[in-house]
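Q: The following file, coords27.tsv, comprises TSV, C-alpha atoms:
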chain	number	residue	atom	x	y	z
A	21	MET	CA	68.87	123.20	85.08
A	22	THR	CA	67.77	122.57	88.67
A	23	ASP	CA	70.11	121.05	91.22
A	24	GLU	CA	67.75	118.08	91.64
A	25	PHE	CA	70.30	115.84	89.93
A	26	SER	CA	73.43	117.52	91.26
A	27	LYS	CA	75.05	114.23	92.32
A	28	ALA	CA	75.17	113.03	88.71
A	29	LEU	CA	77.82	114.03	86.23
A	30	PRO	CA	76.76	117.23	84.43
A	31	GLU	CA	76.63	115.44	81.07
A	32	LEU	CA	74.07	112.95	82.45
A	33	ARG	CA	71.72	115.51	84.03
A	34	PRO	CA	69.85	116.49	80.83
A	35	PHE	CA	68.91	112.85	80.32
A	36	LEU	CA	67.67	112.54	83.89
A	37	SER	CA	65.60	115.72	83.52
A	38	PHE	CA	64.02	114.41	80.33
A	39	PHE	CA	63.58	110.69	81.00
A	40	PRO	CA	60.17	109.88	82.52
A	41	GLY	CA	60.97	106.36	83.69
A	42	PHE	CA	59.25	103.13	82.73
A	43	ASP	CA	55.61	102.25	83.24
A	44	LEU	CA	55.49	98.52	83.94
A	45	SER	CA	51.95	98.57	85.26
A	46	VAL	CA	50.83	97.37	81.83
A	47	ALA	CA	52.14	94.56	79.64
A	48	PRO	CA	55.49	95.39	77.97
A	49	LYS	CA	53.98	95.18	74.47
A	50	GLU	CA	51.53	97.93	75.47
A	51	GLY	CA	53.87	100.19	77.41
A	52	ILE	CA	57.64	99.95	77.58
A	53	ARG	CA	58.19	98.52	74.08
A	54	PRO	CA	56.28	101.23	72.18
A	55	PHE	CA	58.01	103.78	74.40
A	56	PHE	CA	61.46	102.45	73.40
A	57	ALA	CA	60.42	102.19	69.77
A	58	SER	CA	59.50	105.89	69.74
A	59	PHE	CA	63.16	106.89	69.92
A	60	PRO	CA	65.32	107.07	66.78
A	61	PRO	CA	67.53	103.98	66.55
A	62	PRO	CA	71.26	104.51	67.08
A	63	THR	CA	73.39	104.72	63.96
A	64	ASN	CA	76.82	103.28	63.25
A	65	PRO	CA	79.23	106.00	64.46
A	66	TYR	CA	82.15	104.56	62.45
A	67	PRO	CA	80.76	103.85	58.95
A	68	ASP	CA	84.21	103.80	57.34
A	69	ASP	CA	85.65	101.35	59.86
A	70	VAL	CA	82.74	99.11	60.86
A	71	VAL	CA	80.29	96.92	58.94
A	72	VAL	CA	76.85	96.14	60.36
A	73	GLY	CA	74.98	93.05	59.19
A	74	SER	CA	73.00	90.09	60.46
A	75	VAL	CA	72.59	86.34	60.15
A	76	THR	CA	69.71	84.10	61.16
A	77	ILE	CA	70.28	80.81	62.95
A	78	VAL	CA	68.10	78.23	64.65
A	79	GLY	CA	67.40	79.41	68.18
A	80	GLY	CA	65.61	77.91	71.15
A	81	ASP	CA	62.53	75.78	70.41
A	82	ASN	CA	63.80	75.68	66.80
A	83	ASP	CA	62.58	79.23	66.24
A	84	PRO	CA	64.58	81.52	63.93
A	85	LEU	CA	66.98	83.72	65.86
A	86	ARG	CA	68.40	86.90	64.33
A	87	LEU	CA	71.96	87.81	65.25
A	88	LEU	CA	73.27	91.34	64.80
A	89	VAL	CA	76.86	91.11	63.54
A	90	VAL	CA	79.10	94.15	63.87
A	91	SER	CA	82.53	93.66	62.31
A	92	PRO	CA	85.71	95.59	61.49
A	93	ALA	CA	85.73	96.66	57.85
A	94	GLN	CA	89.32	95.43	57.60
A	95	ARG	CA	90.15	92.39	59.69
A	96	GLN	CA	92.07	89.19	59.95
A	97	SER	CA	90.45	85.92	58.86
A	98	GLU	CA	90.28	84.54	62.41
A	99	ALA	CA	89.38	87.58	64.45
A	100	PRO	CA	88.64	87.56	68.17
A	101	ALA	CA	84.92	87.81	68.91
A	102	ILE	CA	82.48	89.02	71.54
A	103	LEU	CA	79.07	87.49	72.21
A	104	ALA	CA	77.09	90.47	73.49
A	105	PHE	CA	73.69	90.80	75.17
A	106	HIS	CA	71.60	93.97	75.30
A	107	GLY	CA	69.77	95.03	78.44
A	108	GLY	CA	66.12	95.82	79.04
A	109	GLY	CA	65.13	93.78	82.08
A	110	GLY	CA	64.42	90.75	79.94
A	111	ILE	CA	61.22	92.37	78.69
A	112	VAL	CA	62.30	94.98	76.13
A	113	GLY	CA	65.12	95.79	73.76
A	114	VAL	CA	66.92	94.78	70.58
A	115	PRO	CA	70.64	94.39	69.87
A	116	GLU	CA	70.73	97.69	67.95
A	117	MET	CA	70.16	99.66	71.15
A	118	ASP	CA	73.84	99.04	71.96
A	119	LEU	CA	75.15	99.66	68.45
A	120	PRO	CA	77.42	102.57	69.54
A	121	THR	CA	79.15	100.21	71.98
A	122	TYR	CA	79.33	97.27	69.60
A	123	ALA	CA	80.67	99.50	66.84
A	124	TYR	CA	83.38	100.78	69.15
A	125	PHE	CA	84.41	97.21	69.94
A	126	ALA	CA	84.43	96.37	66.23
A	127	LYS	CA	86.54	99.41	65.44
A	128	GLU	CA	89.09	98.00	67.86
A	129	GLY	CA	89.24	94.70	65.97
A	130	TYR	CA	86.50	92.50	67.47
A	131	VAL	CA	83.60	90.80	65.72
A	132	VAL	CA	80.53	91.41	67.89
A	133	VAL	CA	77.58	89.02	67.68
A	134	SER	CA	74.43	89.99	69.56
A	135	PRO	CA	71.28	87.82	69.58
A	136	ASP	CA	67.81	89.32	69.28
A	137	TYR	CA	66.80	86.99	72.10
A	138	ARG	CA	63.22	86.26	73.07
A	139	LEU	CA	61.58	88.50	75.64
A	140	ALA	CA	59.23	87.91	78.56
A	141	PRO	CA	56.39	87.64	79.39
A	142	GLU	CA	55.62	86.05	76.00
A	143	HIS	CA	58.80	84.00	76.40
A	144	PRO	CA	59.62	83.68	80.12
A	145	PHE	CA	62.78	82.27	81.66
A	146	PRO	CA	64.76	80.37	80.43
A	147	LYS	CA	63.95	81.30	76.82
A	148	ALA	CA	66.43	84.19	76.55
A	149	ALA	CA	69.17	82.01	78.07
A	150	GLU	CA	68.39	79.25	75.57
A	151	ASP	CA	68.83	81.72	72.71
A	152	GLY	CA	72.16	82.72	74.22
A	153	ASP	CA	73.26	79.09	74.34
A	154	CYS	CA	72.24	78.62	70.69
A	155	THR	CA	74.31	81.67	69.76
A	156	TRP	CA	77.34	80.33	71.63
A	157	ALA	CA	76.95	76.94	69.94
A	158	TYR	CA	76.81	78.63	66.54
A	159	MET	CA	79.84	80.86	67.20
A	160	THR	CA	81.96	77.90	68.28
A	161	SER	CA	80.80	75.59	65.48
A	162	PRO	CA	82.74	75.06	62.21
A	163	GLU	CA	79.86	76.67	60.31
A	164	GLY	CA	79.74	79.71	62.55
A	165	THR	CA	83.47	80.31	62.74
A	166	THR	CA	83.74	80.08	58.96
A	167	GLN	CA	80.77	82.33	58.26
A	168	LEU	CA	81.81	84.93	60.86
A	169	GLN	CA	85.56	84.53	60.21
A	170	ILE	CA	86.32	84.32	63.92
A	171	ASP	CA	88.65	82.32	66.14
A	172	PRO	CA	86.47	80.02	68.29
A	173	LYS	CA	89.16	79.89	70.96
A	174	ARG	CA	89.10	83.67	71.39
A	175	ILE	CA	85.52	84.56	72.32
A	176	ALA	CA	84.53	86.67	75.32
A	177	LEU	CA	81.09	87.52	76.70
A	178	TYR	CA	79.62	90.99	77.25
A	179	GLY	CA	76.30	92.12	78.61
A	180	SER	CA	74.70	95.32	79.83
A	181	SER	CA	72.19	95.37	82.70
A	182	ALA	CA	69.96	92.29	82.34
A	183	GLY	CA	72.25	91.27	79.50
A	184	SER	CA	75.09	91.02	82.00
A	185	THR	CA	73.17	88.27	83.79
A	186	LEU	CA	72.84	86.41	80.49
A	187	ALA	CA	76.57	86.83	79.86
A	188	THR	CA	77.80	85.50	83.19
A	189	GLY	CA	75.02	82.90	83.05
A	190	ILE	CA	76.51	81.32	79.94
A	191	SER	CA	79.89	81.05	81.65
A	192	ILE	CA	78.22	79.34	84.64
A	193	ARG	CA	76.35	76.84	82.47
A	194	LEU	CA	79.43	76.04	80.39
A	195	LEU	CA	81.47	75.40	83.53
A	196	GLY	CA	80.00	71.94	83.92
A	197	LYS	CA	80.46	70.93	80.29
A	198	LYS	CA	83.84	69.22	80.10
A	199	TYR	CA	84.25	69.21	76.33
A	200	ALA	CA	82.58	72.52	75.51
A	201	GLN	CA	84.60	75.50	74.34
A	202	GLN	CA	84.90	77.87	77.31
A	203	PRO	CA	84.70	81.68	77.05
A	204	CYS	CA	87.89	83.66	77.58
A	205	GLY	CA	86.19	86.08	79.93
A	206	VAL	CA	83.09	88.07	80.84
A	207	VAL	CA	82.54	91.84	80.95
A	208	MET	CA	79.44	92.97	82.86
A	209	ASP	CA	78.23	96.55	82.29
A	210	SER	CA	75.80	97.93	84.91
A	211	ALA	CA	75.95	94.50	86.46
A	212	VAL	CA	72.78	92.66	87.47
A	213	ALA	CA	73.23	89.41	89.39
A	214	ASP	CA	70.08	88.91	91.47
A	215	ASP	CA	66.32	88.91	90.99
A	216	ARG	CA	65.57	89.95	94.58
A	217	THR	CA	65.02	93.46	95.92
A	218	ILE	CA	66.95	93.02	99.17
A	219	TYR	CA	69.67	95.64	98.81
A	220	LEU	CA	70.06	99.02	100.49
A	221	SER	CA	69.68	100.94	97.24
A	222	GLN	CA	66.29	99.30	96.72
A	223	GLU	CA	64.81	100.31	100.04
A	224	PRO	CA	61.75	102.58	99.76
A	225	GLY	CA	62.64	106.20	100.36
A	226	HIS	CA	66.30	105.84	99.42
A	227	PRO	CA	67.89	109.33	99.30
A	228	ASP	CA	69.15	108.79	95.74
A	229	ALA	CA	65.83	107.50	94.38
A	230	ALA	CA	65.52	110.51	92.05
A	231	TYR	CA	68.39	109.05	90.01
A	232	PHE	CA	66.74	105.66	89.58
A	233	SER	CA	64.42	106.52	86.67
A	234	VAL	CA	66.22	104.04	84.41
A	235	TRP	CA	65.51	101.19	86.85
A	236	ASN	CA	63.93	101.36	90.29
A	237	ARG	CA	62.57	98.96	92.90
A	238	ASP	CA	59.08	98.87	91.37
A	239	ASN	CA	60.56	98.14	87.93
A	240	ALA	CA	62.57	95.26	89.37
A	241	ILE	CA	59.53	93.72	91.06
A	242	ALA	CA	57.38	94.02	87.94
A	243	ALA	CA	60.07	92.71	85.60
A	244	ARG	CA	60.74	89.75	87.87
A	245	ALA	CA	57.08	88.77	87.65
A	246	PHE	CA	57.17	89.04	83.86
A	247	VAL	CA	60.37	87.00	83.51
A	248	PHE	CA	60.14	84.42	86.31
A	249	GLY	CA	56.46	84.34	87.21
A	250	ALA	CA	55.80	83.00	90.69
A	251	ALA	CA	58.98	80.92	90.89
A	252	SER	CA	60.55	81.24	94.33
A	253	ALA	CA	63.76	79.33	93.59
A	254	LEU	CA	66.01	80.04	90.61
A	255	PRO	CA	69.10	78.31	89.23
A	256	LEU	CA	72.55	79.79	89.80
A	257	ASP	CA	72.91	81.12	86.25
A	258	ALA	CA	69.71	83.19	86.57
A	259	ALA	CA	70.57	84.84	89.90
A	260	PRO	CA	74.19	84.20	90.97
A	261	LEU	CA	73.92	86.29	94.14
A	262	ARG	CA	71.34	83.89	95.56
A	263	SER	CA	74.26	81.54	96.24
A	264	THR	CA	76.48	82.10	99.26
A	265	ASP	CA	78.61	79.03	98.45
A	266	TYR	CA	81.77	80.31	96.81
A	267	ASN	CA	82.45	76.85	95.44
A	268	ASP	CA	79.65	77.48	92.94
A	269	PHE	CA	81.92	79.97	91.17
A	270	VAL	CA	85.23	78.09	91.23
A	271	GLY	CA	86.60	77.70	87.72
A	272	LEU	CA	84.72	80.55	86.08
A	273	PRO	CA	86.66	82.57	83.48
A	274	PRO	CA	88.01	86.05	84.27
A	275	HIS	CA	85.32	88.64	84.97
A	276	TYR	CA	85.25	92.43	84.82
A	277	VAL	CA	82.26	93.75	86.77
A	278	SER	CA	81.17	97.34	86.21
A	279	SER	CA	78.61	99.18	88.35
A	280	CYS	CA	77.13	102.65	88.84
A	281	ASP	CA	76.85	104.39	92.19
A	282	LEU	CA	73.58	106.27	91.49
A	283	ASP	CA	71.73	103.05	90.73
A	284	SER	CA	69.11	100.97	92.53
A	285	LEU	CA	71.26	97.98	91.53
A	286	ALA	CA	74.50	99.51	92.81
A	287	GLU	CA	75.32	96.65	95.19
A	288	HIS	CA	75.05	93.87	92.61
A	289	GLY	CA	78.45	94.39	91.05
A	290	PRO	CA	80.55	94.72	94.22
A	291	GLU	CA	78.75	91.79	95.89
A	292	TYR	CA	79.26	89.54	92.86
A	293	LEU	CA	82.89	90.61	92.66
A	294	LYS	CA	83.41	89.51	96.29
A	295	ARG	CA	82.01	86.05	95.58
A	296	LEU	CA	84.14	85.63	92.46
A	297	GLU	CA	87.31	86.74	94.22
A	298	LYS	CA	86.71	84.39	97.16
A	299	ALA	CA	86.21	81.56	94.65
A	300	GLY	CA	89.63	82.28	93.19
A	301	VAL	CA	88.29	83.70	89.95
A	302	ARG	CA	90.46	86.39	88.35
A	303	ALA	CA	88.00	89.23	88.79
A	304	THR	CA	88.28	93.00	88.73
A	305	GLY	CA	85.76	95.78	88.48
A	306	LYS	CA	84.91	99.41	88.81
A	307	VAL	CA	82.16	101.52	90.31
A	308	TRP	CA	81.60	104.50	88.04
A	309	LYS	CA	81.12	107.54	90.24
A	310	SER	CA	78.21	109.95	89.72
A	311	THR	CA	76.66	107.72	87.07
A	312	ILE	CA	73.24	106.16	86.53
A	313	HIS	CA	72.21	102.66	85.58
A	314	ALA	CA	73.02	101.70	81.98
A	315	PHE	CA	74.58	105.08	81.18
A	316	VAL	CA	76.69	103.45	78.45
A	317	THR	CA	73.48	102.53	76.61
A	318	MET	CA	71.23	105.41	77.62
A	319	VAL	CA	73.70	108.28	77.11
A	320	PRO	CA	76.10	106.74	74.57
A	321	SER	CA	77.70	110.00	73.41
A	322	SER	CA	78.71	111.07	76.91
A	323	ASP	CA	82.40	111.28	77.77
A	324	VAL	CA	81.95	108.80	80.61
A	325	ALA	CA	80.30	106.26	78.28
A	326	GLN	CA	83.21	106.56	75.89
A	327	GLU	CA	85.63	106.16	78.79
A	328	ALA	CA	83.81	103.01	79.90
A	329	ARG	CA	83.97	101.51	76.41
A	330	ALA	CA	87.69	102.18	76.26
A	331	ASP	CA	88.05	100.48	79.65
A	332	TYR	CA	86.18	97.43	78.39
A	333	VAL	CA	88.37	97.18	75.31
A	334	LYS	CA	91.49	97.16	77.51
A	335	VAL	CA	89.96	94.25	79.41
A	336	PHE	CA	89.06	92.39	76.21
A	337	LYS	CA	92.62	92.79	74.94
A	338	GLU	CA	93.86	91.00	78.06
A	339	MET	CA	91.19	88.29	77.85
A	340	LEU	CA	91.56	87.65	74.11
A	341	GLN	CA	95.28	88.07	73.51
Give the structure from the file, written as structure tokens.

A:
Amino acid sequence: MTDEFSKALPELRPFLSFFPGFDLSVAPKEGIRPFFASFPPPTNPYPDDVVVGSVTIVGGDNDPLRLLVVSPAQRQSEAPAILAFHGGGGIVGVPEMDLPTYAYFAKEGYVVVSPDYRLAPEHPFPKAAEDGDCTWAYMTSPEGTTQLQIDPKRIALYGSSAGSTLATGISIRLLGKKYAQQPCGVVMDSAVADDRTIYLSQEPGHPDAAYFSVWNRDNAIAARAFVFGAASALPLDAAPLRSTDYNDFVGLPPHYVSSCDLDSLAEHGPEYLKRLEKAGVRATGKVWKSTIHAFVTMVPSSDVAQEARADYVKVFKEMLQ
């Protein structure tokens, strides 16, 4: 093993040496999606303790929307629940890519529901967000709570990478709905909170650029074009860091914002945390040292990924008690 990746944790270096990065110079259906599909899908690491299933609901534009449901094998009738969003820049991915994480949450007593939301560019913004809203509406409806056997007053949001934007985005949209059921909290893994490439870690020639194979500046620019097209202005829920008015965040539920230091998106989490704290939101977070973007998803068997999951469960226990 060369020392090219010496700043990363030793258990993450084999992945960095192997992973070629994403080619977004072609349409996702021709490049990044077949590339992802070439890997064996994750399996349920706790088959005796966790049940994996799915339901189909009516999603945005009245299209069918598949929900991955990962549940404890033995649970109470009104269990706490987590609405979870996978990452992938809004252009690639399925809920199963985070099955090791969802299964861990389920093993700890939570019903995890993750929508197979629509992807850009075939379905640009706000289609994924609309599917998230449909999932929330289902989980808090009498039909959904009965079918899933969950407590509608104990639901938190989780998202990794681009999924973290979808997670906090739901909490922002629900903030203005007086009679809607509000989430108990939001956990953001490898937080993404802006569509712009204005941060120090995204400057060309950054000294840690070798660690950015999972997501770099060029990826961010290409994905933005796929998801948002030529739009120059975006709503708060799509890019929270575009707002410098802390009043925009007043009243949001508790947030836990997790980031990685060897990441082109490293500043997103700490910057979002500052805005939330100044708005009076109960917000905490952590920067995982010597880690790469989306390590919980990309290297799920690593010790640091397991440590992160355990951290998130501690947070959920506080949010959903």

Q: Would you kindly return, as an MDAnalysis selection string, each protein, DNA or RNA residue with an atom no farther than 6 Å from any atom of region 131-140 of chain A, considering all atoms listed in the file and excluding same-chain residues fewer than 6 positions away?

A: chainID A and resid 86:91 101:105 110:111 114:115 148 151 246:247

Q: Go ahead and write the residues just picked, C-alpha atoms, as a CSV table (one decimal), keeping the file's coordinate frame.

A:
chain,number,residue,atom,x,y,z
A,86,ARG,CA,68.4,86.9,64.3
A,87,LEU,CA,72.0,87.8,65.2
A,88,LEU,CA,73.3,91.3,64.8
A,89,VAL,CA,76.9,91.1,63.5
A,90,VAL,CA,79.1,94.2,63.9
A,91,SER,CA,82.5,93.7,62.3
A,101,ALA,CA,84.9,87.8,68.9
A,102,ILE,CA,82.5,89.0,71.5
A,103,LEU,CA,79.1,87.5,72.2
A,104,ALA,CA,77.1,90.5,73.5
A,105,PHE,CA,73.7,90.8,75.2
A,110,GLY,CA,64.4,90.8,79.9
A,111,ILE,CA,61.2,92.4,78.7
A,114,VAL,CA,66.9,94.8,70.6
A,115,PRO,CA,70.6,94.4,69.9
A,148,ALA,CA,66.4,84.2,76.6
A,151,ASP,CA,68.8,81.7,72.7
A,246,PHE,CA,57.2,89.0,83.9
A,247,VAL,CA,60.4,87.0,83.5

Q: Provide the CA of Pro273 (chain A) to CA of Glu338 (chain A) distance in Å, to one decimal place.

A: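 Taking CA of Pro273 (chain A) as the start and CA of Glu338 (chain A) as the end point, the length is 12.3 Å.
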
Q: Report, in Å with one decimal, the straight-line distance from CA of Thr160 (chain A) to CA of Gly179 (chain A).

A: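 Computing the Euclidean distance for CA of Thr160 (chain A) and CA of Gly179 (chain A) yields 18.5 Å.
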
Q: For the atom pair CA of Ala123 (chain A) and CA of Gly73 (chain A), what is the interatomic distance in Å to one decimal place?

A: 11.5 Å

Q: Restricting the calculation to all atoms listed in the file, which member of A:Asp281, A:Asp69, A:Asp323, A:Asp268 is positioned closest to Ala299 (chain A)?

A: A:Asp268

Q: Taking (87.2, 93.2, 86.0) in the file's coordinates as the center, which residues reach within 8 Å of it, counting all atoms listed in the file, put as a ChimeraX atom specification?

A: /A:207,274-278,302-306,335

Q: Could you please take those selected residues and save C-alpha atoms as a tab-separated table (two decimals), in the coordinates of the input?

A:
chain	number	residue	atom	x	y	z
A	207	VAL	CA	82.54	91.84	80.95
A	274	PRO	CA	88.01	86.05	84.27
A	275	HIS	CA	85.32	88.64	84.97
A	276	TYR	CA	85.25	92.43	84.82
A	277	VAL	CA	82.26	93.75	86.77
A	278	SER	CA	81.17	97.34	86.21
A	302	ARG	CA	90.46	86.39	88.35
A	303	ALA	CA	88.00	89.23	88.79
A	304	THR	CA	88.28	93.00	88.73
A	305	GLY	CA	85.76	95.78	88.48
A	306	LYS	CA	84.91	99.41	88.81
A	335	VAL	CA	89.96	94.25	79.41

Q: Excluding Thr121 (chain A) and its own-chain neighbours fewer than 3 positions away, which residues fall within 12 Å of it when counting all atoms listed in the file? Please give them as a PyMOL selection string.

A: chain A and resi 62-66+70+90+102+104-106+115-118+124-128+130+132+134+178-180+209+314-322+325-333

Q: Give as a CSV table (one decimal) with C-alpha atoms, keeping the file's coordinate frame each residue that has an atom at most 8 Å from (84.4, 85.1, 60.2) in the file, counting all atoms listed in the file.

A:
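Contents of result-v3.csv, as written:
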chain,number,residue,atom,x,y,z
A,97,SER,CA,90.4,85.9,58.9
A,98,GLU,CA,90.3,84.5,62.4
A,99,ALA,CA,89.4,87.6,64.4
A,131,VAL,CA,83.6,90.8,65.7
A,164,GLY,CA,79.7,79.7,62.6
A,165,THR,CA,83.5,80.3,62.7
A,166,THR,CA,83.7,80.1,59.0
A,167,GLN,CA,80.8,82.3,58.3
A,168,LEU,CA,81.8,84.9,60.9
A,169,GLN,CA,85.6,84.5,60.2
A,170,ILE,CA,86.3,84.3,63.9
A,171,ASP,CA,88.6,82.3,66.1

Q: Would you list the contacts of region 48-55 of chain A as a CSV table (one decimal) with C-alpha atoms, in the coordinates of the input, taking every protein, DNA or RNA residue within 10 Å and counting all atoms listed in the file, but skipping same-chain residues closer than 4 positions in sequence?

A:
chain,number,residue,atom,x,y,z
A,41,GLY,CA,61.0,106.4,83.7
A,42,PHE,CA,59.2,103.1,82.7
A,43,ASP,CA,55.6,102.2,83.2
A,44,LEU,CA,55.5,98.5,83.9
A,59,PHE,CA,63.2,106.9,69.9
A,108,GLY,CA,66.1,95.8,79.0
A,111,ILE,CA,61.2,92.4,78.7
A,112,VAL,CA,62.3,95.0,76.1
A,113,GLY,CA,65.1,95.8,73.8
A,139,LEU,CA,61.6,88.5,75.6
A,140,ALA,CA,59.2,87.9,78.6
A,141,PRO,CA,56.4,87.6,79.4
A,142,GLU,CA,55.6,86.0,76.0
A,243,ALA,CA,60.1,92.7,85.6
A,246,PHE,CA,57.2,89.0,83.9

Q: Quick one: of A:Asp214, A:Pro255, A:Val206, A:Ala242, who's nearest to Phe145 (chain A), counting all atoms listed in the file?

A: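 Ranking A:Asp214, A:Pro255, A:Val206, A:Ala242 by distance to Phe145 (chain A), first place goes to A:Pro255.
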
Q: Check the smallest atom-to-atom distance from each of A:Ser210, A:Gln222, A:Ser37, A:Thr188 to Leu256 (chain A) using all atoms listed in the file, then report the winner.

A: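 Using all atoms listed in the file, the shortest distance to Leu256 (chain A) belongs to A:Thr188.
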
Q: Residues within 9 Å of Ser191 (chain A), please, as a PyMOL selection string. Count all atoms listed in the file; anything in the same chain fewer than 3 positions from it doesn't count.

A: chain A and resi 177+186-188+194-195+202-203+205-206+257+272-273

Q: With all atoms listed in the file as the atoms that count, which of A:Val71, A:Ala176, A:Leu254, A:Leu261 lies nearest to Ile218 (chain A)?

A: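 Smallest separation from Ile218 (chain A) among the options: A:Leu261.
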
Q: Kindly indicate which residue among A:Met159, A:Ala57, A:Val212, A:Leu29 lies nearest to Ala182 (chain A), using all atoms listed in the file for the distances.

A: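 The answer is A:Val212, which sits nearest to Ala182 (chain A).
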
Q: Check the smallest atom-to-atom distance from each of A:Thr76, A:Ser284, A:Thr311, A:Gln201 to Ser161 (chain A) using all atoms listed in the file, then report the winner.

A: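 Nearest candidate to Ser161 (chain A) out of A:Thr76, A:Ser284, A:Thr311, A:Gln201: A:Gln201.
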
Q: Residues near region 225-231 of chain A, anyone? I mean within 8 Å using all atoms listed in the file, not counting same-chain ones fewer than 6 positions away, as a list in words.

A: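 With the cut-off at 8 Å, the set is Glu24, Phe25, Ala28, Leu36, Leu282, Asp283, Ser284 and Ile312 of chain A.
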
Q: Starting from the incomplete input, reconstruct N, CA, C and O atoms of region 181-196 of chain A and write that as a PDB file, in the coordinates of the input.

A:
ATOM      1  N   SER A 181      73.384  95.490  81.867  1.00  0.00           N
ATOM      2  CA  SER A 181      72.190  95.370  82.700  1.00  0.00           C
ATOM      3  C   SER A 181      71.699  93.918  82.713  1.00  0.00           C
ATOM      4  O   SER A 181      72.469  93.019  83.040  1.00  0.00           O
ATOM      5  N   ALA A 182      70.443  93.674  82.355  1.00  0.00           N
ATOM      6  CA  ALA A 182      69.960  92.290  82.340  1.00  0.00           C
ATOM      7  C   ALA A 182      70.782  91.416  81.410  1.00  0.00           C
ATOM      8  O   ALA A 182      70.909  90.202  81.626  1.00  0.00           O
ATOM      9  N   GLY A 183      71.362  92.014  80.382  1.00  0.00           N
ATOM     10  CA  GLY A 183      72.250  91.270  79.500  1.00  0.00           C
ATOM     11  C   GLY A 183      73.500  90.776  80.197  1.00  0.00           C
ATOM     12  O   GLY A 183      74.092  89.768  79.801  1.00  0.00           O
ATOM     13  N   SER A 184      73.911  91.468  81.264  1.00  0.00           N
ATOM     14  CA  SER A 184      75.090  91.020  82.000  1.00  0.00           C
ATOM     15  C   SER A 184      74.802  89.716  82.736  1.00  0.00           C
ATOM     16  O   SER A 184      75.704  88.877  82.902  1.00  0.00           O
ATOM     17  N   THR A 185      73.546  89.539  83.181  1.00  0.00           N
ATOM     18  CA  THR A 185      73.170  88.270  83.790  1.00  0.00           C
ATOM     19  C   THR A 185      73.235  87.141  82.771  1.00  0.00           C
ATOM     20  O   THR A 185      73.708  86.034  83.068  1.00  0.00           O
ATOM     21  N   LEU A 186      72.767  87.414  81.553  1.00  0.00           N
ATOM     22  CA  LEU A 186      72.840  86.410  80.490  1.00  0.00           C
ATOM     23  C   LEU A 186      74.291  86.066  80.167  1.00  0.00           C
ATOM     24  O   LEU A 186      74.619  84.900  79.908  1.00  0.00           O
ATOM     25  N   ALA A 187      75.163  87.059  80.192  1.00  0.00           N
ATOM     26  CA  ALA A 187      76.570  86.830  79.860  1.00  0.00           C
ATOM     27  C   ALA A 187      77.251  85.951  80.893  1.00  0.00           C
ATOM     28  O   ALA A 187      77.862  84.931  80.559  1.00  0.00           O
ATOM     29  N   THR A 188      77.159  86.337  82.161  1.00  0.00           N
ATOM     30  CA  THR A 188      77.800  85.500  83.190  1.00  0.00           C
ATOM     31  C   THR A 188      77.082  84.163  83.299  1.00  0.00           C
ATOM     32  O   THR A 188      77.702  83.137  83.630  1.00  0.00           O
ATOM     33  N   GLY A 189      75.779  84.144  82.998  1.00  0.00           N
ATOM     34  CA  GLY A 189      75.020  82.900  83.050  1.00  0.00           C
ATOM     35  C   GLY A 189      75.545  81.852  82.097  1.00  0.00           C
ATOM     36  O   GLY A 189      75.595  80.658  82.427  1.00  0.00           O
ATOM     37  N   ILE A 190      75.927  82.268  80.888  1.00  0.00           N
ATOM     38  CA  ILE A 190      76.510  81.320  79.940  1.00  0.00           C
ATOM     39  C   ILE A 190      77.795  80.728  80.507  1.00  0.00           C
ATOM     40  O   ILE A 190      78.035  79.513  80.422  1.00  0.00           O
ATOM     41  N   SER A 191      78.633  81.554  81.105  1.00  0.00           N
ATOM     42  CA  SER A 191      79.890  81.050  81.650  1.00  0.00           C
ATOM     43  C   SER A 191      79.631  80.050  82.773  1.00  0.00           C
ATOM     44  O   SER A 191      80.367  79.069  82.928  1.00  0.00           O
ATOM     45  N   ILE A 192      78.576  80.269  83.555  1.00  0.00           N
ATOM     46  CA  ILE A 192      78.220  79.340  84.640  1.00  0.00           C
ATOM     47  C   ILE A 192      77.729  78.018  84.062  1.00  0.00           C
ATOM     48  O   ILE A 192      78.131  76.933  84.511  1.00  0.00           O
ATOM     49  N   ARG A 193      76.884  78.078  83.049  1.00  0.00           N
ATOM     50  CA  ARG A 193      76.350  76.840  82.470  1.00  0.00           C
ATOM     51  C   ARG A 193      77.446  76.037  81.756  1.00  0.00           C
ATOM     52  O   ARG A 193      77.457  74.808  81.809  1.00  0.00           O
ATOM     53  N   LEU A 194      78.366  76.733  81.104  1.00  0.00           N
ATOM     54  CA  LEU A 194      79.430  76.040  80.390  1.00  0.00           C
ATOM     55  C   LEU A 194      80.450  75.405  81.336  1.00  0.00           C
ATOM     56  O   LEU A 194      81.166  74.476  80.952  1.00  0.00           O
ATOM     57  N   LEU A 195      80.488  75.883  82.565  1.00  0.00           N
ATOM     58  CA  LEU A 195      81.470  75.400  83.530  1.00  0.00           C
ATOM     59  C   LEU A 195      81.377  73.893  83.732  1.00  0.00           C
ATOM     60  O   LEU A 195      82.385  73.218  83.905  1.00  0.00           O
ATOM     61  N   GLY A 196      80.169  73.373  83.684  1.00  0.00           N
ATOM     62  CA  GLY A 196      80.000  71.940  83.920  1.00  0.00           C
ATOM     63  C   GLY A 196      80.089  71.082  82.686  1.00  0.00           C
ATOM     64  O   GLY A 196      79.868  69.864  82.760  1.00  0.00           O
TER      65      GLY A 196
END
